[in-house]
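Undergrad: The structure under discussion is supplied below as structure tokens; questions concerning it will follow.
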Amino acid sequence: MKRGRVLIAALALGALWELAARVLGRPILPPASVVLLTFLRELGGQLGLDALASLWRVLASITLAIMLAVPAGLVLGQSERLNRVFAPVIYLLFPIPKVVFVPIVLLFLGVGDTSKIVIIALILFFQILVLVRDQAAGLRPELIYSVQSLGAGRRALFRYVYLPASGPAILTALRQSIGTAVAVLYITELFATQRGLGYYIYLQGSTLFNYPKMYAGVVAMSLLGLGLYFGVDSLERRLYPWQGVR
Amino acid sequence: MIALQGIEFSYPGGEPVFKHFNWTAEPGDLWAVLGPSGCGKSTLLYLLAGLRQPRAGRILIDGKVLERPRPRTGLILQDYGLLPWATVAENAALGLRLRRFYGPDGLHAPPDERVTEVGPRVEPWLDRLGLSTVRDSYPSQISGGQRQRTAIARTLALEPDLLLMDEPFASLDAPTREGLQDLVLGLHSERDLTVVLVTHAVEEAALIGRRILVLRQPPIREALIFDNPGGGTPGFRASPAYPAMITALRQVLDGGR
């Protein structure tokens, strides 16, 4: 997607919002210009701190999920026998919307950062696990034979074939699930916390009734999701240019 | 160079492919292994490559029992086996990188060879095989012939003494195929390689094989061998011995049905 076009689309949506707010003229829909000014002013204050708290939680979740899911996916992808055992388990757990586990995780891990990070990592974990597993299992046997015939044993196969092959799968998984991850982040931040964009939005909207600030929080959360998505997208293009030319 | 002694092989749950099979190949031989699909010719090649183990009998290469892929054996497959995420130059360098990774351990790499620099050993092969202009392209961006050249460069950079090829030209168009056949024949005579080329094409076996091993229906017990002294020499395609060999091979293949 061209950057210029994305920018034009953003401006058009902003203009539409501005127009709708002016026509409606009610405090629950402040104009885009007012929200933008609030957003910029607040970014140096509480909003910025809350955004950082949310960003930290997402990045920690991504790291945790990758560290657990990639080795598991590679092992399952390489071993047909293990995969036969675990495939039905994954098949059962994969489609469950992980957000329903929020209360359970909160009960077990408490209300701190850990439970929030774990719940988001859980969402990413399954997506990465399945894609890395399928990527590793889908490597053509001829490719493996060729590399073995060049002298590769198990260690070198892992280093030169399986590990590089899982990179694109990780990024695809992140791209597919980052939206859900941010949505669940919002939900977890509504529970028993005083930091994070979810809390900020809730506080401004339902307690302080400061609608421009609430909208600024919504904008920040949207930008967080967009930023992560674009980040993954550009990493994908920079690291794996061969994918686009297939 | 190669000695198969009383080989037995079958896939799990399958019928035997080889039953007490014996075959030998001398150093510098140029062999074509011919047979219909499913006859076990690829299996034979994987056995020679050390990627599969016989259930009984022994495979000796260079006098040593083969238990795992041997560093001085090169393997080239129909579907190239290139890493899709690596450029032509990186793919061609893979074998040397693996040798550097393991060091001269005698298991994954020859015990007498320490790879320090990869580039100087790969570049001449990229030049020789006409790959310099696509060195930074990915396999998906180049033609089938170029992919197979990349696989050949990767193997030859390791200076093998035995080259095993499984239908290496089967998915290439005729002019590309002929060019690569000439290349392999040139390399064979210039580097004193032992070559075993597996093919289902009678014409290719007759053209390239100086000795031809015909495999028919499994289980294979006996090596059916044709001597083809003109095979692999320049101008053989135009000599009367070439069509005569094709006819002889066709007859024996049809007779086996």
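Letters A, B, ... mark the chains of the structure tokens in the order given; residue numbers begin at 1 per chain; ligand numbers begin at 1, in order shown.
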Show me which bits of chain A are within 12 Å of chain B, counting only C-alpha atoms, as a CSV table (one decimal) with N, CA and C atoms, in the first residue's frame.
TA:
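File result34.csv, as written:
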chain,number,residue,atom,x,y,z
A,139,LEU,N,8.2,-27.7,4.6
A,139,LEU,CA,9.5,-27.7,3.9
A,139,LEU,C,9.6,-29.0,3.1
A,140,ARG,N,9.9,-28.8,1.8
A,140,ARG,CA,9.9,-30.0,0.9
A,140,ARG,C,11.0,-31.0,1.4
A,141,PRO,N,10.7,-32.3,1.4
A,141,PRO,CA,11.7,-33.2,1.8
A,141,PRO,C,12.9,-33.1,0.9
A,142,GLU,N,12.8,-32.8,-0.4
A,142,GLU,CA,13.9,-32.6,-1.3
A,142,GLU,C,14.9,-31.6,-0.8
A,143,LEU,N,14.3,-30.5,-0.2
A,143,LEU,CA,15.2,-29.4,0.3
A,143,LEU,C,16.0,-29.9,1.5
A,144,ILE,N,15.3,-30.7,2.4
A,144,ILE,CA,16.0,-31.2,3.5
A,144,ILE,C,17.1,-32.2,3.1
A,145,TYR,N,16.7,-33.1,2.1
A,145,TYR,CA,17.7,-34.1,1.6
A,145,TYR,C,18.9,-33.4,1.1
A,146,SER,N,18.7,-32.3,0.2
A,146,SER,CA,19.8,-31.6,-0.4
A,146,SER,C,20.7,-31.1,0.7
A,147,VAL,N,20.1,-30.4,1.7
A,147,VAL,CA,21.0,-29.8,2.7
A,147,VAL,C,21.7,-30.8,3.5
A,148,GLN,N,21.0,-32.0,3.8
A,148,GLN,CA,21.7,-33.0,4.5
A,148,GLN,C,22.9,-33.6,3.6
A,149,SER,N,22.7,-33.7,2.3
A,149,SER,CA,23.7,-34.2,1.5
A,149,SER,C,24.9,-33.2,1.4
A,150,LEU,N,24.7,-32.0,1.7
A,150,LEU,CA,25.8,-31.0,1.8
A,150,LEU,C,26.6,-31.2,3.1
A,151,GLY,N,26.0,-32.0,4.0
A,151,GLY,CA,26.8,-32.2,5.3
A,151,GLY,C,26.0,-31.8,6.5
A,152,ALA,N,24.8,-31.3,6.3
A,152,ALA,CA,24.1,-30.8,7.5
A,152,ALA,C,23.6,-31.9,8.4
A,153,GLY,N,23.9,-31.8,9.7
A,153,GLY,CA,23.2,-32.7,10.7
A,153,GLY,C,22.1,-31.9,11.3
A,154,ARG,N,21.6,-32.4,12.4
A,154,ARG,CA,20.4,-31.8,13.1
A,154,ARG,C,20.7,-30.4,13.4
A,155,ARG,N,21.8,-30.1,14.0
A,155,ARG,CA,22.1,-28.7,14.4
A,155,ARG,C,22.1,-27.7,13.3
A,156,ALA,N,22.8,-28.1,12.2
A,156,ALA,CA,22.9,-27.2,11.0
A,156,ALA,C,21.6,-27.1,10.3
A,157,LEU,N,20.8,-28.2,10.3
A,157,LEU,CA,19.5,-28.1,9.7
A,157,LEU,C,18.6,-27.0,10.4
A,158,PHE,N,18.7,-27.1,11.7
A,158,PHE,CA,18.0,-26.1,12.5
A,158,PHE,C,18.4,-24.7,12.3
A,159,ARG,N,19.7,-24.5,12.3
A,159,ARG,CA,20.3,-23.2,12.1
A,159,ARG,C,20.1,-22.6,10.7
A,160,TYR,N,20.3,-23.5,9.7
A,160,TYR,CA,20.2,-22.9,8.3
A,160,TYR,C,18.9,-23.1,7.6
A,161,VAL,N,18.1,-24.0,8.1
A,161,VAL,CA,16.8,-24.3,7.4
A,161,VAL,C,15.6,-24.0,8.2
A,162,TYR,N,15.5,-24.6,9.4
A,162,TYR,CA,14.2,-24.5,10.1
A,162,TYR,C,14.1,-23.1,10.7
A,163,LEU,N,15.1,-22.6,11.3
A,163,LEU,CA,15.0,-21.3,11.9
A,163,LEU,C,14.7,-20.2,10.9
A,164,PRO,N,15.5,-20.1,9.9
A,164,PRO,CA,15.2,-19.0,8.9
A,164,PRO,C,13.8,-19.2,8.3
A,165,ALA,N,13.4,-20.5,8.1
A,165,ALA,CA,12.0,-20.7,7.5
A,165,ALA,C,10.9,-20.2,8.5
A,166,SER,N,11.2,-20.2,9.8
A,166,SER,CA,10.1,-19.8,10.7
A,166,SER,C,9.9,-18.3,10.8
A,167,GLY,N,10.9,-17.5,10.4
A,167,GLY,CA,10.9,-16.1,10.5
A,167,GLY,C,9.6,-15.5,9.9
A,168,PRO,N,9.4,-15.8,8.6
A,168,PRO,CA,8.2,-15.2,7.9
A,168,PRO,C,6.9,-15.7,8.6
A,239,LEU,N,12.9,-7.8,5.8
A,239,LEU,CA,13.7,-9.0,6.1
A,239,LEU,C,13.5,-10.1,5.1
A,240,TYR,N,12.3,-10.2,4.5
A,240,TYR,CA,12.0,-11.3,3.6
A,240,TYR,C,11.5,-10.8,2.3
A,241,PRO,N,12.3,-10.1,1.5
A,241,PRO,CA,11.9,-9.6,0.2
A,241,PRO,C,11.6,-10.7,-0.7
A,242,TRP,N,12.1,-11.9,-0.5
A,242,TRP,CA,11.9,-13.0,-1.4
A,242,TRP,C,10.4,-13.5,-1.4
A,243,GLN,N,9.7,-13.1,-0.3
A,243,GLN,CA,8.3,-13.6,-0.2
A,243,GLN,C,7.4,-12.9,-1.2
A,244,GLY,N,7.6,-11.6,-1.4
A,244,GLY,CA,6.8,-10.8,-2.3
A,244,GLY,C,6.9,-11.2,-3.7
A,245,VAL,N,8.1,-11.8,-4.1
A,245,VAL,CA,8.4,-12.1,-5.5
A,245,VAL,C,8.0,-13.5,-5.9
A,246,ARG,N,7.4,-14.2,-5.0
A,246,ARG,CA,7.1,-15.6,-5.2
A,246,ARG,C,6.2,-15.8,-6.5
Undergrad: Which of range 60-250 of chain B end up as strand (DSSP E or B) when DSSP is run on this backbone - answer as a PyMOL selection string?
TA: chain B and resi 60-61+64-65+73-77+162-166+194-199+211-214+220+224-227
Undergrad: Keeping only N, CA and C atoms, write those residues as a short mmCIF file (atom, residue, chain, number, x, y, z; two decimals), in the first residue's frame.
TA:
data_model
loop_
_atom_site.label_atom_id
_atom_site.label_comp_id
_atom_site.auth_asym_id
_atom_site.auth_seq_id
_atom_site.Cartn_x
_atom_site.Cartn_y
_atom_site.Cartn_z
N LEU B 60 29.56 -49.80 0.24
CA LEU B 60 30.92 -49.29 0.43
C LEU B 60 31.16 -48.19 -0.58
N ILE B 61 31.65 -47.06 -0.08
CA ILE B 61 32.07 -46.01 -1.00
C ILE B 61 33.50 -45.66 -0.65
N LYS B 64 34.88 -47.52 2.29
CA LYS B 64 34.33 -47.37 3.65
C LYS B 64 32.83 -47.63 3.64
N VAL B 65 32.36 -48.27 4.71
CA VAL B 65 30.93 -48.54 4.83
C VAL B 65 30.19 -47.21 5.02
N THR B 73 30.53 -36.67 -1.41
CA THR B 73 29.49 -37.04 -2.37
C THR B 73 28.56 -35.85 -2.58
N GLY B 74 28.33 -35.49 -3.84
CA GLY B 74 27.40 -34.40 -4.15
C GLY B 74 26.08 -34.98 -4.62
N LEU B 75 24.98 -34.35 -4.24
CA LEU B 75 23.65 -34.84 -4.63
C LEU B 75 22.88 -33.71 -5.29
N ILE B 76 22.34 -34.00 -6.47
CA ILE B 76 21.56 -32.98 -7.18
C ILE B 76 20.21 -33.58 -7.54
N LEU B 77 19.15 -32.89 -7.15
CA LEU B 77 17.80 -33.43 -7.30
C LEU B 77 17.02 -32.65 -8.35
N LEU B 162 32.28 -37.80 -6.13
CA LEU B 162 31.15 -38.61 -6.60
C LEU B 162 29.94 -37.69 -6.72
N LEU B 163 29.33 -37.68 -7.89
CA LEU B 163 28.19 -36.81 -8.12
C LEU B 163 26.96 -37.67 -8.40
N LEU B 164 25.95 -37.56 -7.55
CA LEU B 164 24.71 -38.32 -7.71
C LEU B 164 23.63 -37.36 -8.19
N MET B 165 22.93 -37.73 -9.26
CA MET B 165 21.92 -36.82 -9.79
C MET B 165 20.62 -37.57 -10.00
N ASP B 166 19.53 -37.03 -9.44
CA ASP B 166 18.22 -37.68 -9.57
C ASP B 166 17.35 -36.87 -10.52
N THR B 194 33.21 -39.31 -10.53
CA THR B 194 32.35 -40.46 -10.77
C THR B 194 30.92 -39.92 -10.78
N VAL B 195 30.16 -40.24 -11.82
CA VAL B 195 28.81 -39.69 -11.93
C VAL B 195 27.80 -40.82 -11.98
N VAL B 196 26.73 -40.69 -11.19
CA VAL B 196 25.60 -41.61 -11.30
C VAL B 196 24.37 -40.75 -11.54
N LEU B 197 23.79 -40.88 -12.73
CA LEU B 197 22.65 -40.05 -13.10
C LEU B 197 21.42 -40.93 -13.25
N VAL B 198 20.40 -40.62 -12.47
CA VAL B 198 19.16 -41.39 -12.53
C VAL B 198 18.20 -40.70 -13.49
N THR B 199 17.60 -41.47 -14.38
CA THR B 199 16.67 -40.87 -15.33
C THR B 199 15.59 -41.88 -15.73
N ARG B 211 28.04 -46.37 -18.97
CA ARG B 211 27.49 -47.65 -18.55
C ARG B 211 26.07 -47.36 -18.08
N ILE B 212 25.17 -48.27 -18.39
CA ILE B 212 23.77 -48.02 -18.06
C ILE B 212 23.25 -49.18 -17.20
N LEU B 213 22.71 -48.82 -16.05
CA LEU B 213 22.10 -49.80 -15.16
C LEU B 213 20.58 -49.70 -15.35
N VAL B 214 19.97 -50.79 -15.79
CA VAL B 214 18.52 -50.78 -16.02
C VAL B 214 17.83 -51.47 -14.85
N ILE B 220 14.14 -55.74 -6.94
CA ILE B 220 15.26 -55.83 -7.87
C ILE B 220 16.34 -56.70 -7.25
N LEU B 224 21.12 -55.19 -14.22
CA LEU B 224 21.10 -55.39 -15.66
C LEU B 224 21.90 -54.24 -16.28
N ILE B 225 23.06 -54.58 -16.84
CA ILE B 225 24.00 -53.53 -17.22
C ILE B 225 24.27 -53.52 -18.72
N PHE B 226 24.24 -52.33 -19.32
CA PHE B 226 24.59 -52.15 -20.73
C PHE B 226 25.87 -51.32 -20.81
N ASP B 227 26.80 -51.77 -21.63
CA ASP B 227 27.97 -50.93 -21.89
C ASP B 227 27.68 -50.07 -23.11
#
Undergrad: Tell me which protein, DNA and RNA residues are within 12 Å of Gly77 in chain A, counting only C-alpha atoms, leaving out same-chain ones fewer than 3 positions away, and put them as a list in words.
TA: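 Surrounding residues, per the criterion: Ala69, Val70, Pro71, Ala72, Gly73, Leu74, Glu80, Arg81, Leu82, Asn83, Arg84, Phe86, Ala87, Leu129, Val130, Leu131, Val132, Arg133, Asp134, Gln135, Ala136, Ala137, Gly138, Leu139, Phe158, Tyr162, Leu163, Ala165 and Ser166 of chain A.
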Undergrad: Using N, CA and C atoms, can you export the residues from the last selection as a compact mmCIF listing (two decimals), in the first residue's frame?
TA:
# COMPACT_ATOMS: atom_id res chain seq x y z
N ALA A 69 6.43 -20.18 21.52
CA ALA A 69 5.74 -20.83 20.39
C ALA A 69 6.70 -21.29 19.31
N VAL A 70 7.79 -20.55 19.08
CA VAL A 70 8.68 -20.92 17.98
C VAL A 70 9.36 -22.27 18.23
N PRO A 71 10.00 -22.47 19.38
CA PRO A 71 10.60 -23.80 19.60
C PRO A 71 9.55 -24.91 19.54
N ALA A 72 8.38 -24.67 20.15
CA ALA A 72 7.34 -25.70 20.13
C ALA A 72 6.89 -25.99 18.71
N GLY A 73 6.70 -24.93 17.92
CA GLY A 73 6.26 -25.11 16.54
C GLY A 73 7.30 -25.85 15.72
N LEU A 74 8.57 -25.52 15.93
CA LEU A 74 9.64 -26.18 15.17
C LEU A 74 9.72 -27.66 15.52
N GLU A 80 6.70 -35.88 13.10
CA GLU A 80 5.34 -36.26 12.75
C GLU A 80 4.64 -36.93 13.94
N ARG A 81 5.43 -37.70 14.70
CA ARG A 81 4.84 -38.46 15.79
C ARG A 81 4.29 -37.52 16.87
N LEU A 82 5.13 -36.55 17.27
CA LEU A 82 4.68 -35.59 18.28
C LEU A 82 3.49 -34.79 17.78
N ASN A 83 3.54 -34.42 16.51
CA ASN A 83 2.45 -33.63 15.96
C ASN A 83 1.14 -34.40 15.97
N ARG A 84 1.25 -35.72 15.73
CA ARG A 84 0.03 -36.53 15.76
C ARG A 84 -0.60 -36.49 17.15
N PHE A 86 -0.19 -33.97 19.45
CA PHE A 86 -0.60 -32.64 19.89
C PHE A 86 -1.59 -31.95 18.94
N ALA A 87 -1.64 -32.39 17.70
CA ALA A 87 -2.51 -31.70 16.73
C ALA A 87 -3.97 -31.61 17.20
N LEU A 129 2.43 -20.65 16.90
CA LEU A 129 2.69 -22.09 16.98
C LEU A 129 2.21 -22.79 15.72
N VAL A 130 0.99 -22.51 15.33
CA VAL A 130 0.40 -23.22 14.19
C VAL A 130 1.12 -22.84 12.90
N LEU A 131 1.40 -21.55 12.72
CA LEU A 131 2.04 -21.14 11.46
C LEU A 131 3.48 -21.64 11.37
N VAL A 132 4.22 -21.57 12.49
CA VAL A 132 5.60 -22.06 12.46
C VAL A 132 5.62 -23.57 12.25
N ARG A 133 4.71 -24.27 12.92
CA ARG A 133 4.64 -25.72 12.75
C ARG A 133 4.37 -26.07 11.29
N ASP A 134 3.38 -25.41 10.70
CA ASP A 134 3.03 -25.74 9.32
C ASP A 134 4.15 -25.36 8.36
N GLN A 135 4.81 -24.26 8.66
CA GLN A 135 5.93 -23.85 7.82
C GLN A 135 7.04 -24.90 7.86
N ALA A 136 7.37 -25.35 9.08
CA ALA A 136 8.45 -26.33 9.22
C ALA A 136 8.05 -27.66 8.60
N ALA A 137 6.79 -28.06 8.78
CA ALA A 137 6.34 -29.34 8.24
C ALA A 137 6.23 -29.26 6.72
N GLY A 138 6.00 -28.04 6.20
CA GLY A 138 5.78 -27.89 4.76
C GLY A 138 7.06 -27.78 3.97
N LEU A 139 8.20 -27.74 4.63
CA LEU A 139 9.45 -27.69 3.88
C LEU A 139 9.57 -28.97 3.07
N PHE A 158 18.72 -27.09 11.73
CA PHE A 158 17.96 -26.14 12.55
C PHE A 158 18.42 -24.72 12.26
N TYR A 162 15.46 -24.65 9.36
CA TYR A 162 14.21 -24.50 10.11
C TYR A 162 14.06 -23.11 10.72
N LEU A 163 15.15 -22.59 11.28
CA LEU A 163 15.04 -21.29 11.94
C LEU A 163 14.73 -20.17 10.94
N ALA A 165 13.36 -20.46 8.14
CA ALA A 165 12.04 -20.70 7.54
C ALA A 165 10.93 -20.22 8.46
N SER A 166 11.20 -20.16 9.79
CA SER A 166 10.12 -19.80 10.70
C SER A 166 9.94 -18.30 10.82
Undergrad: Between CA of Val58 in chain A and CA of Gly196 in chain A, what is the distance in Å, rounded to a tenth?
TA: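 Going from CA of Val58 in chain A over to CA of Gly196 in chain A, I get 10.9 Å.
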Undergrad: Taking only C-alpha atoms into account, which of B:Ala92, B:Asp182, B:Gln217, B:Gly103 comes nearest Gly38 in chain B?
TA: B:Gln217
Undergrad: List as a tab-separated table every residue of range 194-222 of chain A that is in contact with range 25-44 of chain A, defined as an atom at most 8 Å from one of its atoms (using only C-alpha atoms), together with the nearest atom pair and the distance in Å rounded to one decimal, sorted by chain and then rising number.
TA:
residue	atom	partner	partner_atom	distance
A:Tyr211	CA	A:Ile28	CA	6.1
A:Pro212	CA	A:Val35	CA	5.1
A:Lys213	CA	A:Thr38	CA	6.3
A:Tyr215	CA	A:Val35	CA	6.3
A:Ala216	CA	A:Phe39	CA	4.7
A:Gly217	CA	A:Phe39	CA	7.5
A:Val219	CA	A:Phe39	CA	7.8
A:Ala220	CA	A:Phe39	CA	7.8
Undergrad: Could you write out the selected residues, including C-alpha atoms, as a PDB file, in the first residue's frame?
TA:
ATOM      1  CA  TYR A 211     -14.950  13.348  26.101  1.00  0.00           C
ATOM      2  CA  PRO A 212     -12.104  15.006  24.155  1.00  0.00           C
ATOM      3  CA  LYS A 213      -9.637  13.157  26.389  1.00  0.00           C
ATOM      4  CA  TYR A 215     -11.405  10.266  22.251  1.00  0.00           C
ATOM      5  CA  ALA A 216      -7.690  11.102  22.469  1.00  0.00           C
ATOM      6  CA  GLY A 217      -7.287   7.772  24.271  1.00  0.00           C
ATOM      7  CA  VAL A 219      -6.946   7.612  18.942  1.00  0.00           C
ATOM      8  CA  ALA A 220      -3.870   6.520  20.904  1.00  0.00           C
TER       9      ALA A 220
END
Undergrad: Near Leu249 in chain B, counting only C-alpha atoms, which residues have an atom at most 9 Å away, once you skip same-chain residues fewer than 5 positions from it, shown as an NGL selection string?
TA: :B and (34 or 202 or 205-206 or 214 or 226 or 244 or 254)
Undergrad: Would you save the residues of that selection, restricted to C-alpha atoms, as a short mmCIF file (atom, residue, chain, number, x, y, z; two decimals), in the first residue's frame?
TA:
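Result went into result-v9.cif, see below:
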data_model
loop_
_atom_site.label_atom_id
_atom_site.label_comp_id
_atom_site.auth_asym_id
_atom_site.auth_seq_id
_atom_site.Cartn_x
_atom_site.Cartn_y
_atom_site.Cartn_z
CA LEU B 34 17.34 -46.08 -16.11
CA VAL B 202 15.73 -43.68 -22.43
CA ALA B 205 20.40 -42.63 -20.44
CA ALA B 206 21.74 -43.58 -23.88
CA VAL B 214 18.52 -50.78 -16.02
CA PHE B 226 24.59 -52.15 -20.73
CA ALA B 244 20.80 -48.59 -31.60
CA ASP B 254 9.23 -53.34 -22.56
#
Undergrad: Let's see if you can do this: from backbone DSSP, list all helix (DSSP H, G or I) residues in range 42-175 of chain B, as a PyMOL selection string.
TA: chain B and resi 42-49+88-102+119-128+132-134+139-141+144-156+174-175
Undergrad: Just write the chosen residues, N, CA and C atoms, as a compact mmCIF listing (two decimals), in the first residue's frame.
TA:
# COMPACT_ATOMS: atom_id res chain seq x y z
N SER B 42 15.33 -43.91 -7.64
CA SER B 42 15.60 -42.82 -6.69
C SER B 42 16.03 -43.37 -5.34
N THR B 43 15.40 -44.49 -4.96
CA THR B 43 15.78 -45.13 -3.70
C THR B 43 17.26 -45.51 -3.75
N LEU B 44 17.68 -46.05 -4.89
CA LEU B 44 19.09 -46.42 -5.04
C LEU B 44 19.99 -45.21 -4.80
N LEU B 45 19.58 -44.08 -5.37
CA LEU B 45 20.39 -42.87 -5.23
C LEU B 45 20.43 -42.38 -3.78
N TYR B 46 19.28 -42.45 -3.11
CA TYR B 46 19.25 -42.03 -1.70
C TYR B 46 20.10 -42.96 -0.83
N LEU B 47 20.11 -44.24 -1.21
CA LEU B 47 20.98 -45.18 -0.50
C LEU B 47 22.44 -44.80 -0.71
N LEU B 48 22.79 -44.49 -1.96
CA LEU B 48 24.18 -44.11 -2.26
C LEU B 48 24.56 -42.81 -1.58
N ALA B 49 23.56 -41.93 -1.39
CA ALA B 49 23.82 -40.64 -0.75
C ALA B 49 23.92 -40.78 0.77
N VAL B 88 20.96 -16.50 -4.93
CA VAL B 88 21.74 -17.48 -5.68
C VAL B 88 23.13 -17.63 -5.06
N ALA B 89 23.78 -16.49 -4.78
CA ALA B 89 25.14 -16.56 -4.23
C ALA B 89 25.13 -17.22 -2.85
N GLU B 90 24.13 -16.89 -2.03
CA GLU B 90 24.05 -17.49 -0.69
C GLU B 90 23.77 -18.98 -0.77
N ASN B 91 22.88 -19.36 -1.70
CA ASN B 91 22.58 -20.77 -1.87
C ASN B 91 23.82 -21.54 -2.32
N ALA B 92 24.56 -20.94 -3.27
CA ALA B 92 25.75 -21.62 -3.78
C ALA B 92 26.80 -21.77 -2.68
N ALA B 93 26.77 -20.86 -1.69
CA ALA B 93 27.77 -20.89 -0.62
C ALA B 93 27.35 -21.79 0.54
N LEU B 94 26.13 -22.31 0.50
CA LEU B 94 25.59 -23.02 1.68
C LEU B 94 26.47 -24.20 2.12
N GLY B 95 26.90 -25.00 1.16
CA GLY B 95 27.70 -26.18 1.50
C GLY B 95 28.98 -25.79 2.23
N LEU B 96 29.63 -24.74 1.74
CA LEU B 96 30.87 -24.29 2.38
C LEU B 96 30.60 -23.70 3.76
N ARG B 97 29.46 -22.99 3.87
CA ARG B 97 29.10 -22.45 5.20
C ARG B 97 28.91 -23.59 6.19
N LEU B 98 28.27 -24.67 5.72
CA LEU B 98 28.05 -25.82 6.61
C LEU B 98 29.39 -26.41 7.03
N ARG B 99 30.34 -26.45 6.09
CA ARG B 99 31.66 -26.99 6.44
C ARG B 99 32.35 -26.12 7.46
N ARG B 100 32.16 -24.81 7.31
CA ARG B 100 32.78 -23.91 8.28
C ARG B 100 32.09 -24.04 9.64
N PHE B 101 30.78 -24.26 9.59
CA PHE B 101 29.98 -24.41 10.80
C PHE B 101 30.48 -25.60 11.63
N TYR B 102 30.75 -26.72 10.95
CA TYR B 102 31.17 -27.93 11.68
C TYR B 102 32.67 -28.01 11.87
N GLY B 119 33.66 -16.99 -0.09
CA GLY B 119 33.51 -16.27 -1.36
C GLY B 119 34.44 -16.73 -2.47
N PRO B 120 35.76 -16.74 -2.22
CA PRO B 120 36.69 -17.09 -3.30
C PRO B 120 36.47 -18.48 -3.86
N ARG B 121 35.82 -19.36 -3.09
CA ARG B 121 35.59 -20.70 -3.62
C ARG B 121 34.27 -20.81 -4.36
N VAL B 122 33.37 -19.86 -4.13
CA VAL B 122 32.07 -19.91 -4.79
C VAL B 122 32.08 -19.09 -6.08
N GLU B 123 32.71 -17.94 -6.01
CA GLU B 123 32.68 -17.01 -7.15
C GLU B 123 33.06 -17.66 -8.48
N PRO B 124 34.18 -18.43 -8.54
CA PRO B 124 34.54 -19.02 -9.84
C PRO B 124 33.42 -19.89 -10.41
N TRP B 125 32.69 -20.57 -9.52
CA TRP B 125 31.61 -21.44 -10.01
C TRP B 125 30.43 -20.62 -10.49
N LEU B 126 30.14 -19.51 -9.83
CA LEU B 126 29.06 -18.66 -10.30
C LEU B 126 29.41 -18.13 -11.69
N ASP B 127 30.68 -17.74 -11.87
CA ASP B 127 31.14 -17.26 -13.19
C ASP B 127 31.01 -18.37 -14.22
N ARG B 128 31.57 -19.51 -13.87
CA ARG B 128 31.64 -20.62 -14.81
C ARG B 128 30.23 -21.06 -15.25
N SER B 132 26.61 -15.14 -12.54
CA SER B 132 27.06 -13.89 -11.93
C SER B 132 26.01 -12.78 -12.02
N THR B 133 25.26 -12.78 -13.11
CA THR B 133 24.30 -11.69 -13.29
C THR B 133 23.07 -11.87 -12.39
N VAL B 134 22.83 -13.09 -11.93
CA VAL B 134 21.66 -13.30 -11.06
C VAL B 134 22.07 -13.62 -9.64
N PRO B 139 15.68 -17.66 -5.70
CA PRO B 139 15.32 -18.75 -6.59
C PRO B 139 14.01 -18.52 -7.34
N SER B 140 13.06 -17.86 -6.68
CA SER B 140 11.76 -17.64 -7.33
C SER B 140 11.87 -16.66 -8.50
N GLN B 141 12.98 -15.95 -8.59
CA GLN B 141 13.09 -14.92 -9.63
C GLN B 141 13.85 -15.40 -10.86
N GLY B 144 14.24 -22.16 -14.36
CA GLY B 144 14.53 -23.51 -13.88
C GLY B 144 15.97 -23.91 -14.16
N GLY B 145 16.46 -23.55 -15.35
CA GLY B 145 17.84 -23.89 -15.69
C GLY B 145 18.83 -23.20 -14.76
N GLN B 146 18.53 -21.94 -14.45
CA GLN B 146 19.43 -21.21 -13.55
C GLN B 146 19.39 -21.79 -12.14
N ARG B 147 18.20 -22.24 -11.74
CA ARG B 147 18.09 -22.86 -10.41
C ARG B 147 18.95 -24.12 -10.34
N GLN B 148 18.86 -24.94 -11.42
CA GLN B 148 19.64 -26.17 -11.40
C GLN B 148 21.13 -25.86 -11.46
N ARG B 149 21.51 -24.78 -12.17
CA ARG B 149 22.91 -24.37 -12.19
C ARG B 149 23.36 -23.95 -10.79
N THR B 150 22.45 -23.28 -10.08
CA THR B 150 22.79 -22.87 -8.72
C THR B 150 23.04 -24.10 -7.84
N ALA B 151 22.16 -25.10 -7.99
CA ALA B 151 22.34 -26.33 -7.21
C ALA B 151 23.66 -27.01 -7.59
N ILE B 152 23.99 -26.96 -8.87
CA ILE B 152 25.24 -27.59 -9.31
C ILE B 152 26.44 -26.81 -8.76
N ALA B 153 26.36 -25.48 -8.81
CA ALA B 153 27.45 -24.66 -8.27
C ALA B 153 27.66 -24.95 -6.79
N ARG B 154 26.55 -25.07 -6.05
CA ARG B 154 26.61 -25.33 -4.62
C ARG B 154 27.32 -26.65 -4.34
N THR B 155 27.01 -27.66 -5.18
CA THR B 155 27.63 -28.97 -4.98
C THR B 155 29.10 -28.97 -5.40
N LEU B 156 29.39 -28.33 -6.56
CA LEU B 156 30.76 -28.40 -7.06
C LEU B 156 31.73 -27.57 -6.23
N ALA B 174 13.96 -28.41 -23.59
CA ALA B 174 14.98 -29.18 -24.32
C ALA B 174 16.32 -28.44 -24.48
N PRO B 175 16.35 -27.19 -24.95
CA PRO B 175 17.66 -26.55 -25.11
C PRO B 175 18.41 -26.39 -23.79
Undergrad: Using only C-alpha atoms, which residue out of A:Val102, A:Val89, A:Thr193, A:Leu185 lies closest to Met221 in chain A?
TA: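 Going through A:Val102, A:Val89, A:Thr193, A:Leu185 one by one, the smallest distance to Met221 in chain A is for A:Leu185.
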Undergrad: List the spatial neighbours of Val105 in chain A as a PyMOL selection string - criterion: any atom at most 12 Å away, only C-alpha atoms, same-chain residues fewer than 2 positions off excluded.
TA: chain A and resi 98-103+107-122+188+191
Undergrad: Interatomic distance between CA of Gly179 in chain B and CA of Arg191 in chain B?
TA: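 Taking CA of Gly179 in chain B and CA of Arg191 in chain B, their separation equals 18.2 Å.
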